[in-house]
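Q: Following this line is target.txt, made up of compact mmCIF, C-alpha atoms:
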# COMPACT_ATOMS: atom_id res chain seq x y z
CA MET W 130 163.00 23.74 101.78
CA LYS W 131 160.35 21.81 103.66
CA ARG W 132 159.80 24.60 106.12
CA ARG W 133 159.42 27.12 103.31
CA PHE W 134 156.79 24.94 101.71
CA PHE W 135 154.82 24.81 104.93
CA LEU W 136 155.13 28.55 105.35
CA LEU W 137 153.81 29.08 101.84
CA ALA W 138 150.97 26.62 102.33
CA GLY W 139 150.09 28.25 105.64
CA THR W 140 150.05 31.73 104.12
CA ALA W 141 147.88 30.60 101.24
CA GLY W 142 145.46 29.01 103.69
CA MET W 143 145.21 32.17 105.74
CA LEU W 144 144.60 34.24 102.62
CA THR W 145 141.82 31.88 101.57
CA LEU W 146 140.26 32.16 105.02
CA ALA W 147 140.51 35.93 104.98
CA ALA W 148 138.93 36.06 101.54
CA CYS W 149 136.03 33.90 102.74
CA GLU W 150 135.29 36.22 105.63
CA ARG W 151 135.15 39.36 103.48
CA GLU W 152 132.79 40.35 100.73
CA PRO W 153 134.46 39.53 97.41
CA LYS W 154 136.00 42.40 95.55
CA PRO W 155 133.47 43.52 92.94
CA HIS W 156 134.33 43.20 89.28
CA TYR W 157 134.34 46.40 87.23
CA ILE W 158 134.40 46.96 83.47
CA GLY W 159 136.52 50.05 84.03
CA LEU W 160 139.70 50.46 86.06
CA ASP W 161 139.44 49.54 89.74
CA LEU W 162 141.55 52.28 91.34
CA THR W 163 140.60 51.35 94.89
CA GLY W 164 143.56 51.72 97.21
CA GLY W 165 145.66 53.41 94.53
CA ASP W 166 148.06 56.22 95.32
CA TYR W 167 145.71 59.12 94.62
CA LYS W 168 145.00 62.29 96.58
CA PRO W 169 141.54 63.17 95.31
CA ASP W 170 140.86 66.19 97.53
CA PHE W 171 141.06 69.61 95.90
CA LYS W 172 140.55 73.28 96.52
CA LEU W 173 139.04 74.88 93.41
CA SER W 174 136.77 77.80 92.51
CA GLY W 175 133.27 77.45 91.11
CA PRO W 176 131.45 79.76 88.69
CA ASP W 177 129.66 81.25 91.71
CA GLY W 178 132.99 82.40 93.18
CA ARG W 179 132.82 79.81 95.94
CA VAL W 180 135.80 77.65 96.84
CA TYR W 181 134.96 73.95 96.76
CA THR W 182 136.69 71.00 98.40
CA LEU W 183 135.64 67.35 98.52
CA ALA W 184 134.09 67.98 101.95
CA ASP W 185 131.32 69.86 100.13
CA PHE W 186 130.25 66.58 98.50
CA LYS W 187 130.46 64.27 101.51
CA GLY W 188 127.83 61.54 101.24
CA LYS W 189 127.80 61.74 97.44
CA TYR W 190 129.66 59.82 94.78
CA VAL W 191 131.73 62.23 92.71
CA MET W 192 132.68 61.79 89.06
CA VAL W 193 135.64 63.95 88.05
CA PHE W 194 136.79 64.73 84.50
CA PHE W 195 139.72 66.98 83.58
CA GLY W 196 139.32 68.92 80.33
CA PHE W 197 138.93 72.29 78.63
CA THR W 198 135.99 74.03 76.98
CA GLN W 199 137.73 74.77 73.64
CA CYS W 200 137.92 70.99 73.19
CA PRO W 201 136.00 69.93 70.07
CA ASP W 202 135.69 66.22 70.72
CA VAL W 203 136.68 64.35 73.88
CA CYS W 204 135.39 66.74 76.55
CA PRO W 205 131.86 67.28 75.16
CA THR W 206 131.72 63.52 74.46
CA ALA W 207 132.64 62.72 78.06
CA LEU W 208 130.15 65.25 79.42
CA SER W 209 127.35 64.02 77.13
CA ARG W 210 128.11 60.52 78.38
CA ALA W 211 127.88 61.83 81.97
CA VAL W 212 124.38 63.14 81.15
CA GLU W 213 123.43 59.69 79.85
CA ILE W 214 125.00 57.94 82.84
CA ARG W 215 122.91 60.03 85.21
CA SER W 216 119.74 59.23 83.30
CA LYS W 217 120.60 55.51 83.42
CA LEU W 218 121.14 55.70 87.18
CA GLY W 219 117.50 56.73 87.62
CA ALA W 220 116.72 57.62 91.22
CA ASP W 221 120.40 57.14 92.15
CA ALA W 222 121.42 60.04 89.87
CA SER W 223 121.01 62.47 92.77
CA LYS W 224 123.80 60.57 94.59
CA LEU W 225 126.29 61.38 91.83
CA GLN W 226 127.93 64.80 91.54
CA VAL W 227 129.67 65.47 88.21
CA ILE W 228 132.70 67.76 88.38
CA PHE W 229 134.70 69.13 85.44
CA ILE W 230 138.15 70.48 86.33
CA SER W 231 139.72 72.84 83.80
CA ILE W 232 143.29 72.15 82.69
CA ASP W 233 143.16 75.39 80.66
CA PRO W 234 142.36 77.98 83.37
CA GLU W 235 143.72 80.83 81.24
CA ARG W 236 140.91 80.50 78.72
CA ASP W 237 138.31 78.82 80.91
CA THR W 238 136.92 81.72 82.89
CA PRO W 239 134.45 80.96 85.71
CA GLU W 240 131.61 82.38 83.55
CA LEU W 241 132.53 80.22 80.57
CA LEU W 242 132.76 77.09 82.72
CA GLY W 243 129.36 77.90 84.23
CA GLU W 244 127.71 78.35 80.83
CA TYR W 245 129.42 75.26 79.43
CA MET W 246 128.20 73.02 82.27
CA ARG W 247 124.65 74.40 82.03
CA ALA W 248 124.59 73.36 78.36
CA PHE W 249 124.90 69.76 79.55
CA ASP W 250 123.27 69.61 82.98
CA PRO W 251 122.71 72.46 85.46
CA THR W 252 123.88 70.19 88.30
CA PHE W 253 127.35 69.72 86.74
CA LEU W 254 130.03 71.84 88.36
CA GLY W 255 132.91 73.37 86.38
CA LEU W 256 135.87 74.19 88.62
CA ARG W 257 139.14 76.02 88.03
CA THR W 258 142.14 77.42 89.84
CA ASP W 259 145.50 79.04 89.11
CA PRO W 260 147.98 77.21 86.84
CA GLN W 261 150.13 75.98 89.74
CA ASN W 262 147.21 74.49 91.70
CA THR W 263 145.84 73.06 88.43
CA ALA W 264 149.12 71.19 87.94
CA GLN W 265 149.10 69.95 91.55
CA THR W 266 145.46 68.79 91.36
CA ALA W 267 146.09 66.94 88.08
CA PHE W 268 149.21 65.36 89.59
CA ASN W 269 147.16 64.14 92.57
CA TYR W 270 144.84 62.35 90.12
CA LYS W 271 147.76 61.10 87.93
CA VAL W 272 146.29 63.17 85.11
CA PHE W 273 148.64 64.33 82.36
CA TYR W 274 148.07 67.39 80.21
CA ARG W 275 150.11 69.59 77.98
CA ARG W 276 149.64 72.50 75.71
CA VAL W 277 150.22 71.91 71.99
CA ALA W 278 150.61 74.84 69.59
CA SER W 279 148.11 74.72 66.74
CA GLY W 280 148.14 77.45 64.13
CA SER W 281 147.76 80.80 65.86
CA SER W 282 146.33 79.14 68.94
CA TYR W 283 146.86 76.04 71.04
CA THR W 284 145.05 72.88 72.00
CA MET W 285 145.53 70.50 74.90
CA ASP W 286 146.51 66.85 75.09
CA HIS W 287 145.14 65.31 78.26
CA THR W 288 144.11 62.16 80.13
CA ALA W 289 140.55 61.25 79.19
CA ILE W 290 139.48 59.14 82.17
CA SER W 291 136.41 59.95 84.27
CA TYR W 292 137.31 59.25 87.91
CA VAL W 293 134.71 58.09 90.41
CA LEU W 294 135.13 58.76 94.13
CA ASP W 295 133.00 57.13 96.81
CA THR W 296 130.91 58.89 99.45
CA GLN W 297 134.01 59.17 101.66
CA GLY W 298 135.97 60.93 98.93
CA ARG W 299 138.15 57.90 98.20
CA MET W 300 139.34 57.08 94.70
CA ARG W 301 137.48 54.03 93.39
CA LEU W 302 137.02 53.86 89.61
CA GLY W 303 138.52 55.01 86.34
CA LEU W 304 135.98 55.03 83.49
CA LYS W 305 137.78 54.89 80.17
CA HIS W 306 136.73 57.12 77.30
CA GLN W 307 135.82 54.11 75.14
CA MET W 308 133.28 52.82 77.66
CA THR W 309 129.61 53.34 76.84
CA ALA W 310 127.20 55.15 79.16
CA ASP W 311 125.61 51.76 79.94
CA GLU W 312 128.95 50.27 80.98
CA CYS W 313 129.78 53.31 83.13
CA ALA W 314 126.34 53.29 84.80
CA GLN W 315 126.73 49.58 85.48
CA ASP W 316 130.11 50.14 87.17
CA ILE W 317 128.75 53.01 89.27
CA LYS W 318 125.76 50.88 90.33
CA THR W 319 128.16 48.07 91.28
CA LEU W 320 130.15 50.53 93.37
CA MET W 321 127.00 51.96 95.00
CA THR W 322 125.71 48.51 95.99
CA SER W 323 129.05 46.90 96.86
CA LYS W 324 129.47 45.85 100.49
CA TYR W 325 133.19 45.38 99.96
CA THR W 326 134.95 47.23 102.75
CA LEU W 327 138.31 48.87 102.30
CA MET A 306 123.30 45.15 74.31
CA THR A 307 120.58 47.76 74.56
CA TYR A 308 123.02 50.39 73.41
CA LEU A 309 123.18 48.68 70.02
CA LYS A 310 119.44 49.05 69.67
CA SER A 311 119.50 52.68 70.69
CA PHE A 312 122.33 53.27 68.25
CA ALA A 313 120.30 51.84 65.40
CA ALA A 314 117.31 53.95 66.41
CA ILE A 315 119.38 57.09 66.67
CA SER A 316 121.15 56.45 63.38
CA LEU A 317 117.79 56.17 61.66
CA ALA A 318 116.52 59.28 63.36
CA VAL A 319 119.47 61.44 62.33
CA LEU A 320 118.51 63.76 59.51
CA SER A 321 120.67 63.30 56.52
CA PHE A 322 121.78 66.28 54.47
CA SER A 323 123.68 65.30 51.40
CA ALA A 324 125.44 67.37 48.82
CA LEU A 325 126.96 66.08 45.62
CA ALA A 326 129.50 68.39 44.02
CA ASP A 327 130.60 68.49 40.37
CA SER A 328 133.81 66.82 41.47
CA GLY A 329 131.82 63.74 42.41
CA VAL A 330 132.51 64.30 46.09
CA LYS A 331 129.51 63.54 48.26
CA ILE A 332 129.20 65.14 51.69
CA SER A 333 126.73 63.54 54.09
CA GLU A 334 125.45 64.67 57.46
CA PRO A 335 127.65 67.70 58.00
CA TRP A 336 127.22 69.08 61.52
CA VAL A 337 128.89 71.49 63.88
CA ARG A 338 128.82 71.28 67.65
CA ALA A 339 127.05 74.34 69.06
CA THR A 340 128.90 76.55 71.56
CA VAL A 341 128.19 78.71 74.59
CA PRO A 342 128.70 82.50 74.21
CA GLN A 343 132.34 82.87 75.32
CA GLN A 344 133.59 79.68 73.70
CA LYS A 345 136.08 80.35 70.91
CA ALA A 346 136.47 76.93 69.31
CA THR A 347 134.39 73.95 68.27
CA GLY A 348 134.39 70.99 65.88
CA ALA A 349 132.72 70.24 62.55
CA PHE A 350 132.00 66.69 61.42
CA MET A 351 130.74 64.97 58.24
CA GLN A 352 131.11 61.98 55.94
CA ILE A 353 132.95 62.47 52.67
CA THR A 354 132.79 60.06 49.74
CA ALA A 355 134.80 60.81 46.61
CA ALA A 356 133.99 59.12 43.28
CA LYS A 357 137.68 59.16 42.33
CA PRO A 358 140.76 59.34 44.59
CA MET A 359 141.10 62.80 46.11
CA ARG A 360 142.47 64.59 49.11
CA LEU A 361 140.79 67.07 51.42
CA LEU A 362 143.27 69.92 51.73
CA GLU A 363 141.49 72.70 53.47
CA VAL A 364 138.25 73.76 55.11
CA ARG A 365 137.09 77.36 55.53
CA SER A 366 134.12 78.87 57.29
CA PRO A 367 132.95 82.47 57.66
CA VAL A 368 132.06 81.78 61.31
CA ALA A 369 135.70 81.06 62.24
CA GLY A 370 138.88 83.05 61.91
CA VAL A 371 140.85 79.84 61.54
CA ALA A 372 139.79 76.34 60.47
CA GLU A 373 142.14 73.38 60.61
CA ILE A 374 141.84 69.67 59.95
CA HIS A 375 142.68 67.72 63.10
CA GLU A 376 142.99 64.12 64.08
CA MET A 377 142.22 62.90 67.56
CA SER A 378 143.95 59.82 68.87
CA MET A 379 143.79 57.95 72.14
CA SER A 380 146.66 55.98 73.58
CA ASP A 381 147.13 54.92 77.20
CA ASN A 382 143.96 56.85 78.01
CA MET A 383 145.64 60.05 76.84
CA MET A 384 143.82 62.12 74.23
CA ARG A 385 145.97 63.81 71.62
CA MET A 386 144.92 66.23 68.90
CA ARG A 387 147.09 67.09 65.96
CA GLN A 388 146.67 69.15 62.85
CA VAL A 389 146.96 67.02 59.70
CA LYS A 390 148.12 68.28 56.32
CA ASP A 391 145.31 66.59 54.44
CA ILE A 392 142.95 63.62 54.50
CA ALA A 393 143.07 60.98 51.75
CA LEU A 394 139.68 60.29 50.15
CA PRO A 395 139.87 56.88 48.43
CA ALA A 396 137.47 56.34 45.52
CA GLY A 397 134.02 55.21 46.61
CA LYS A 398 134.91 54.85 50.28
CA ALA A 399 133.19 57.01 52.89
CA VAL A 400 135.67 58.83 55.10
CA GLU A 401 134.20 59.86 58.40
CA LEU A 402 135.03 63.03 60.25
CA LYS A 403 133.53 62.15 63.60
CA PRO A 404 134.22 62.40 67.31
CA GLY A 405 137.07 60.02 68.10
CA GLY A 406 138.77 60.52 64.72
CA TYR A 407 139.13 63.41 62.29
CA HIS A 408 137.37 66.72 62.75
CA VAL A 409 137.49 70.22 61.41
CA MET A 410 138.62 72.48 64.23
CA LEU A 411 136.87 75.84 63.96
CA MET A 412 138.85 78.40 65.96
CA GLU A 413 138.62 82.11 66.67
CA LEU A 414 134.85 81.88 66.40
CA LYS A 415 133.28 85.23 65.52
CA GLY A 416 130.23 84.57 67.65
CA GLN A 417 128.22 81.91 69.41
CA VAL A 418 127.15 78.96 67.27
CA LYS A 419 123.60 78.20 68.39
CA ALA A 420 121.85 74.87 67.98
CA GLY A 421 119.98 74.89 64.66
CA ASP A 422 122.27 77.51 63.05
CA LYS A 423 123.23 76.80 59.45
CA VAL A 424 127.01 77.00 59.27
CA PRO A 425 128.55 77.42 55.80
CA LEU A 426 131.70 75.38 55.17
CA THR A 427 133.93 75.46 52.11
CA LEU A 428 135.95 72.32 51.42
CA VAL A 429 138.96 72.41 49.15
CA VAL A 430 139.76 69.06 47.52
CA GLU A 431 142.41 68.01 45.03
CA GLY A 432 142.43 65.07 42.62
CA ASP A 433 145.37 63.09 41.31
CA ASN A 434 145.53 65.56 38.42
CA LYS A 435 146.33 68.34 40.95
CA GLN A 436 143.12 70.11 39.97
CA ARG A 437 141.65 71.87 42.98
CA GLU A 438 137.95 72.24 43.50
CA THR A 439 135.86 73.84 46.18
CA ILE A 440 132.68 72.36 47.61
CA GLU A 441 130.15 74.44 49.51
CA VAL A 442 128.38 72.68 52.37
CA THR A 443 125.86 73.84 54.94
CA ALA A 444 126.29 72.18 58.30
CA GLU A 445 123.61 72.28 60.95
CA ALA A 446 124.65 73.11 64.49
CA ARG A 447 123.69 70.44 67.01
CA ALA A 448 123.17 71.32 70.66
CA LEU A 449 126.35 71.13 72.74
CA GLY A 450 124.75 68.80 75.25
CA ALA A 451 122.73 66.80 72.73
CA GLY A 452 124.83 63.67 73.04
CA ASN A 453 127.30 61.98 70.74
CA MET A 454 125.28 59.83 68.46
CA PRO A 455 128.02 58.49 66.21
CA ALA A 456 130.74 59.00 68.77
CA MET A 457 131.53 55.92 70.76
CA LYS A 458 131.43 52.23 69.84
CA HIS A 459 130.13 51.40 66.39
Turn this file's structure into structure tokens for me.

A:
Amino acid sequence: MKRRFFLLAGTAGMLTLAACEREPKPHYIGLDLTGGDYKPDFKLSGPDGRVYTLADFKGKYVMVFFGFTQCPDVCPTALSRAVEIRSKLGADASKLQVIFISIDPERDTPELLGEYMRAFDPTFLGLRTDPQNTAQTAFNYKVFYRRVASGSSYTMDHTAISYVLDTQGRMRLGLKHQMTADECAQDIKTLMTSKYTL
Amino acid sequence: MTYLKSFAAISLAVLSFSALADSGVKISEPWVRATVPQQKATGAFMQITAAKPMRLLEVRSPVAGVAEIHEMSMSDNMMRMRQVKDIALPAGKAVELKPGGYHVMLMELKGQVKAGDKVPLTLVVEGDNKQRETIEVTAEARALGAGNMPAMKH
């Protein structure tokens, strides 16, 4: 028993020491997804016909939202908030790339995604792929979506988190739908200025 | 806290269109989210205040092949949308159809809804006496990327 106590005390001491040497972990209003089991890279097509991967955005922070353009509420709300977030970031806005990934590739044609993004901000990128790769990409982000029949048509249930990746393409933040643009911008600024090393 | 201030400012700035029907149902600030050309669905929002208890049963619009009343809900960060049979309109209490709650889903759009367009909506309401009445409303289309004034925290 005594030995175990010393072991515990020793471990705690080492942890304290280690914590003192490193920059403290920053506090976020949103979800800190740092180190989580995510595979944020993707291979998706843009409205220009180009295939994009995360390597195309190296050196930038990337904010990713999964949605669909026939969405009356959550998706335009999230994208409008992204417009506001960028304006609140001021000069740092150019460091943030906003990406919208369609979970409804059957209806979201490249042209429609292009037009839809332009209605919010011409720098936003709407990406899509085939249904199988859509499912795999969503899975890699732990995003859930499903088709729900509605009258003669269908709508989609889906995860409504905006994910933020750092300049190395690592998963860092989950901005909840209920967060205001101010709160999101604050979290992104914290991430941009944090010296916390992974 | 600045967002509270901007909310107040925006709320004041929002133009208010009100219509009072014979049924004593008042519709305030009806608006439709504008679309891009190929988009086939969008949402309509408004505030409804009934003088006596009523229910909103149906919404129709000539711009859409199908219009349904939907409710959005969020649980575990998952957004769900479901058609609802009707919306209860308690006497004297404003019921909001707004992002994050109820909306009218306009589907099979016959064309692009451009910002500034006047979109006719017909609301069908029913009182406790089972008498049905229709209310005609004109909703203004707001730009798709114009922000979500009444959307988030209130």

Q: For the contact check between chain W and chain A, emit one row per residue of chain W within 9 Å, containing the shortest atom pair and the distance in Å rounded to one decimal, counting only C-alpha atoms, chain then rising number order, as a Markdown table.

A:
| residue | atom | partner | partner_atom | distance |
| --- | --- | --- | --- | --- |
| W:Thr198 | CA | A:Gln344 | CA | 7.0 |
| W:Gln199 | CA | A:Ala346 | CA | 5.0 |
| W:Cys200 | CA | A:Thr347 | CA | 6.7 |
| W:Pro201 | CA | A:Gly348 | CA | 4.6 |
| W:Asp202 | CA | A:Pro404 | CA | 5.3 |
| W:Val203 | CA | A:Gly405 | CA | 7.2 |
| W:Pro205 | CA | A:Leu449 | CA | 7.1 |
| W:Thr206 | CA | A:Asn453 | CA | 6.0 |
| W:Leu208 | CA | A:Gly450 | CA | 7.7 |
| W:Ser209 | CA | A:Gly452 | CA | 4.8 |
| W:Arg210 | CA | A:Gly452 | CA | 7.0 |
| W:Val212 | CA | A:Gly452 | CA | 8.1 |
| W:Glu213 | CA | A:Gly452 | CA | 8.0 |
| W:Arg236 | CA | A:Gln344 | CA | 8.9 |
| W:Asp237 | CA | A:Gln344 | CA | 8.7 |
| W:Thr238 | CA | A:Gln343 | CA | 8.9 |
| W:Glu240 | CA | A:Gln343 | CA | 8.3 |
| W:Leu241 | CA | A:Gln343 | CA | 5.9 |
| W:Glu244 | CA | A:Val341 | CA | 6.3 |
| W:Tyr245 | CA | A:Val341 | CA | 6.1 |
| W:Met246 | CA | A:Gly450 | CA | 8.9 |
| W:Arg247 | CA | A:Gly450 | CA | 8.8 |
| W:Ala248 | CA | A:Gly450 | CA | 5.5 |
| W:Phe249 | CA | A:Gly450 | CA | 4.4 |
| W:Asp250 | CA | A:Gly450 | CA | 7.9 |
| W:Val272 | CA | A:Met383 | CA | 8.9 |
| W:Phe273 | CA | A:Met383 | CA | 7.6 |
| W:Tyr274 | CA | A:Met383 | CA | 8.4 |
| W:Val277 | CA | A:Arg387 | CA | 8.3 |
| W:Ser279 | CA | A:Gln388 | CA | 6.9 |
| W:Gly280 | CA | A:Glu373 | CA | 8.1 |
| W:Ser281 | CA | A:Val371 | CA | 8.2 |
| W:Ser282 | CA | A:Met412 | CA | 8.1 |
| W:Thr284 | CA | A:Met386 | CA | 7.3 |
| W:Met285 | CA | A:Met386 | CA | 7.4 |
| W:Asp286 | CA | A:Arg385 | CA | 4.6 |
| W:His287 | CA | A:Met384 | CA | 5.3 |
| W:Thr288 | CA | A:Met383 | CA | 4.2 |
| W:Ala289 | CA | A:Asn382 | CA | 5.7 |
| W:Ile290 | CA | A:Asn382 | CA | 6.5 |
| W:Lys305 | CA | A:Asn382 | CA | 6.8 |
| W:His306 | CA | A:Asn382 | CA | 7.3 |
| W:Gln307 | CA | A:Met457 | CA | 6.4 |
| W:Met308 | CA | A:Met457 | CA | 7.8 |
| W:Thr309 | CA | A:Met457 | CA | 6.9 |
| W:Ala310 | CA | A:Tyr308 | CA | 8.6 |
| W:Asp311 | CA | A:Tyr308 | CA | 7.2 |

Q: Compare W:Gly165, W:Gly303, W:Pro155, W:Pro176 by their minimum atom-to-atom distance to Gly255 (chain W), counting only C-alpha atoms, and give me the closest one.

A: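 The shortest atom-to-atom distance to Gly255 (chain W) comes from W:Pro176.
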
Q: Quick one: pull the distance between CA of Asp316 (chain W) and CA of Gly159 (chain W), Å, one decimal.

A: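 Rounded to one decimal, the two atoms are 7.1 Å apart.
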
Q: For each of A:Ala446, A:Glu401, A:Asp391, A:Arg360, take the minimum atom-to-atom distance to Ile374 (chain A), counting only C-alpha atoms, then give the residue where this is smallest.

A: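 Selected residue with least distance to Ile374 (chain A): A:Asp391.
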
Q: Taking all atoms listed in the file into account, name the residue in A:Lys423, A:Val430, A:Pro395, A:Leu362 that is nearest to Ala444 (chain A).

A: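 Ranked by minimum distance to Ala444 (chain A), first place goes to A:Lys423.
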
Q: Would you mind listing what lies within 9 Å of Gly164 (chain W) as an NGL selection string, with only C-alpha atoms counted and same-chain residues fewer than 5 positions away left out?

A: :W and (299-301 or 327)

Q: Those same residues - C-alpha atoms - I'd like them written as a PDB file, in the coordinates of the input.

A:
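Just written: part-v4.pdb:
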ATOM      1  CA  ARG W 299     138.150  57.900  98.200  1.00  0.00           C
ATOM      2  CA  MET W 300     139.340  57.080  94.700  1.00  0.00           C
ATOM      3  CA  ARG W 301     137.480  54.030  93.390  1.00  0.00           C
ATOM      4  CA  LEU W 327     138.310  48.870 102.300  1.00  0.00           C
TER       5      LEU W 327
END

Q: Which residue, W:Tyr190, W:Phe171, W:Tyr157, W:Phe197, has the smallest gap to Arg275 (chain W) when you use all atoms listed in the file?

A: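 Of the candidates, the smallest distance to Arg275 (chain W) is held by W:Phe197.
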
Q: With a distance cut-off of 6 Å and only C-alpha atoms, select the neighbouring residues of Glu445 (chain A), excluding the residue or stretch itself and same-chain residues fewer than 3 positions from it, and output the selection as a list in words.

A: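 That gives Trp336, Gly421, Asp422 and Lys423 of chain A.
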
Q: Which distance in Å separates CA of Thr182 (chain W) and CA of Glu312 (chain W), to one decimal?

A: 28.2 Å

Q: What does the distance from CA of Ala396 (chain A) to CA of Asn434 (chain A) come to in Å, to one decimal?

A: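 Atom-to-atom, CA of Ala396 (chain A) to CA of Asn434 (chain A), that is 14.2 Å.
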
Q: What's around Leu361 (chain A) at 8 Å? Count only C-alpha atoms, leave out sequence neighbours fewer than 5 positions away in its own chain, and write the answer as number ranges by chain.

A: A: 391-394, 428-431

Q: Deliver the residues from the most recent selection as a file, using C-alpha atoms, as an mmCIF file, in the coordinates of the input.

A:
data_model
loop_
_atom_site.group_PDB
_atom_site.id
_atom_site.type_symbol
_atom_site.label_atom_id
_atom_site.label_comp_id
_atom_site.auth_asym_id
_atom_site.auth_seq_id
_atom_site.Cartn_x
_atom_site.Cartn_y
_atom_site.Cartn_z
ATOM 1 C CA ASP A 391 145.310 66.590 54.440
ATOM 2 C CA ILE A 392 142.950 63.620 54.500
ATOM 3 C CA ALA A 393 143.070 60.980 51.750
ATOM 4 C CA LEU A 394 139.680 60.290 50.150
ATOM 5 C CA LEU A 428 135.950 72.320 51.420
ATOM 6 C CA VAL A 429 138.960 72.410 49.150
ATOM 7 C CA VAL A 430 139.760 69.060 47.520
ATOM 8 C CA GLU A 431 142.410 68.010 45.030
#

Q: Rank nothing, just name the residue among W:Gly175, W:Asp161, W:Gly243, W:Lys168 nearest to Tyr270 (chain W), using all atoms listed in the file.

A: W:Lys168

Q: So that I can check the surroundings of Asp166 (chain W), please list as a list of chain:residue names every protein, DNA and RNA residue that reaches within 10 Å of it, counting all atoms listed in the file and ignoring chain neighbours fewer than 3 positions away.

A: W:Leu162, W:Thr163, W:Pro169, W:Asn269, W:Tyr270, W:Lys271, W:Met300

Q: Output C-alpha atoms for every residue in the selection just made, as an mmCIF file, in the frame of the given file.

A:
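Result file is selection_1.cif:
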data_model
loop_
_atom_site.group_PDB
_atom_site.id
_atom_site.type_symbol
_atom_site.label_atom_id
_atom_site.label_comp_id
_atom_site.auth_asym_id
_atom_site.auth_seq_id
_atom_site.Cartn_x
_atom_site.Cartn_y
_atom_site.Cartn_z
ATOM 1 C CA LEU W 162 141.550 52.280 91.340
ATOM 2 C CA THR W 163 140.600 51.350 94.890
ATOM 3 C CA PRO W 169 141.540 63.170 95.310
ATOM 4 C CA ASN W 269 147.160 64.140 92.570
ATOM 5 C CA TYR W 270 144.840 62.350 90.120
ATOM 6 C CA LYS W 271 147.760 61.100 87.930
ATOM 7 C CA MET W 300 139.340 57.080 94.700
#

Q: So that I can check the surroundings of Arg257 (chain W), please list as a PyMOL selection string every protein, DNA and RNA residue that reaches within 10 Å of it, counting only C-alpha atoms and ignoring chain neighbours fewer than 2 positions away.

A: chain W and resi 172-176+180-181+229-235+237-239+242+255+259-260+262-263
